Amino acid sequence: MPSDTTPADGNAETAPADTTAAHHASEAQRLERIAVQYPADSEQVLLQAAAHRELAGERPRASAIYDRLLAGAPENPLLIKALKASNLWEYGHEAEARAVIDGIRAAAPRDAAPWEIIGETLESHDELQAAHDCFTAGATFLIESLTDGDDVPYEAGLLLAGRHRVRRLLGNPHDEWDALADTVHPGDIPLDELHDPKRLWALGSDNPAELRAEIARLRAELGERRAALSRPFPVAVLHWPEAELAELLAAYPALTSEYPSHAQHLAGIETSLRDLASSGIQHFGIVTATFPSYEAFAAAEQTAPETPALLPEYATSLAARGRAKPWPPRRNAECWCGSKTPYKDCHGKTPA
């Protein structure tokens, strides 16, 4: 595997996470400092900081971060508003949260994240019909934009799963989208089992077989949730555009051993990602490198730029700053390599 492919935390093995409030508060402070150092990436970094403030129980401080972002010119204001609404409701500001949610629904965002967040917020507060309507609206925008042969994107699958879950709670009969949700669901246990309201009754059973079955269901659901929360990308792969790679190798010829040619570099990215996908790992991202950015990173790390071990650290830093794009693209979307060719006709071709 290329040396510029790395887990987003930079470690081969993930240590147990510290989930204490003090840890989350400390992590929020660290991210807020990073946002100052990298103003171009401050929106993504501050959103992570706000999430840690929430986990630390510092919900007013999280709201302050959301307000700070909204006061500027954020790239995705509706996502930030959705996160703010969810946070507000959790510490007693229900009326304000409802008003924000109503505004998001009226704006009808075309991306999945705001719909998923407000849908889950409403669901968690037993507003099941409203949650159903949110999941349905978001899924409609994503699915209706697909053309024949397109796979259902990951984000649409999350909305369909949420919709399936609240429909089960509402006692609604299955429809076509419920069937589609189960089809795109990646887990081994069908959604009907995961979302069965009666399964909670099994927790009070004294039958060991029933308890073991419930533990298996809960583990599957937890795994699905962890996979969603691990986004954007637990694995980041570094992509050098041709001109940037030429500049890198002209300045640091020692790195030619890492990048014999641009064509081999691009082929290696696709091969590595396919190998990782076949091994069961999910959610990959490709981060695009630039020569000035790499040199600046090397200077900040006080490491010689020709050091191969610095490449995965650079990939990690870009991913942590929200620079990763998901792989694989839709079949008809432009290829990740920058060729302007549809992915299915470029690096997405099935190997002969």
# chains A, B, ... in the order shown; residues from 1 in each chain; ligands from 1
call {"tool": "residues_around", "arguments": {"residues": "Ala112 (chain A)", "least_positions_apart": "2", "cutoff": "10 Å", "atoms": "only C-alpha atoms", "output": "list in words"}}
result
Leu79, Pro109, Arg110, Pro114, Trp115, Glu116, Ile117, Phe135, Ala137, Gly138, Ala139, Thr140, Phe141, Leu142, Tyr154, Glu155, Ala156, Gly157, Leu158 and Leu159 of chain A
call {"tool": "residues_around", "arguments": {"residues": "Glu58 (chain A)", "least_positions_apart": "6", "cutoff": "12 Å", "atoms": "only C-alpha atoms", "output": "VMD selection string"}}
result
chain A and resid 21 to 22 24 to 26 28 49 to 52 64 to 65 87 to 88 90 to 91
call {"tool": "select_by_dssp", "arguments": {"residues": "region 75-150 of chain A", "states": "alpha helix (DSSP H)", "output": "PyMOL selection string"}}
result
chain A and resi 77-90+94-107+112-124+128-144
call {"tool": "residues_around", "arguments": {"residues": "Ala161 (chain A)", "least_positions_apart": "3", "cutoff": "8 Å", "atoms": "only C-alpha atoms", "output": "ChimeraX atom specification"}}
result
/A:157-158,164-165,178,181-182,185,191
call {"tool": "closest_atom_pairs", "arguments": {"of": "region 231-260 of chain A", "to": "region 292-309 of chain A", "cutoff": "8 Å", "atoms": "only C-alpha atoms", "output": "tab-separated table"}}
result
residue	atom	partner	partner_atom	distance
A:Tyr252	CA	A:Glu306	CA	5.7
A:Pro253	CA	A:Glu306	CA	7.9
A:Ala254	CA	A:Glu306	CA	6.2
A:Leu255	CA	A:Glu306	CA	6.0
A:Glu258	CA	A:Pro308	CA	7.4
call {"tool": "write_last_selection", "arguments": {"atoms": "C-alpha atoms", "output": "mmCIF file, in the first residue's frame"}}
result
data_model
loop_
_atom_site.group_PDB
_atom_site.id
_atom_site.type_symbol
_atom_site.label_atom_id
_atom_site.label_comp_id
_atom_site.auth_asym_id
_atom_site.auth_seq_id
_atom_site.Cartn_x
_atom_site.Cartn_y
_atom_site.Cartn_z
ATOM 1 C CA TYR A 252 13.006 16.706 -4.018
ATOM 2 C CA PRO A 253 14.231 13.989 -6.427
ATOM 3 C CA ALA A 254 14.579 11.519 -3.557
ATOM 4 C CA LEU A 255 10.777 11.139 -3.609
ATOM 5 C CA GLU A 258 7.624 6.970 -3.975
#
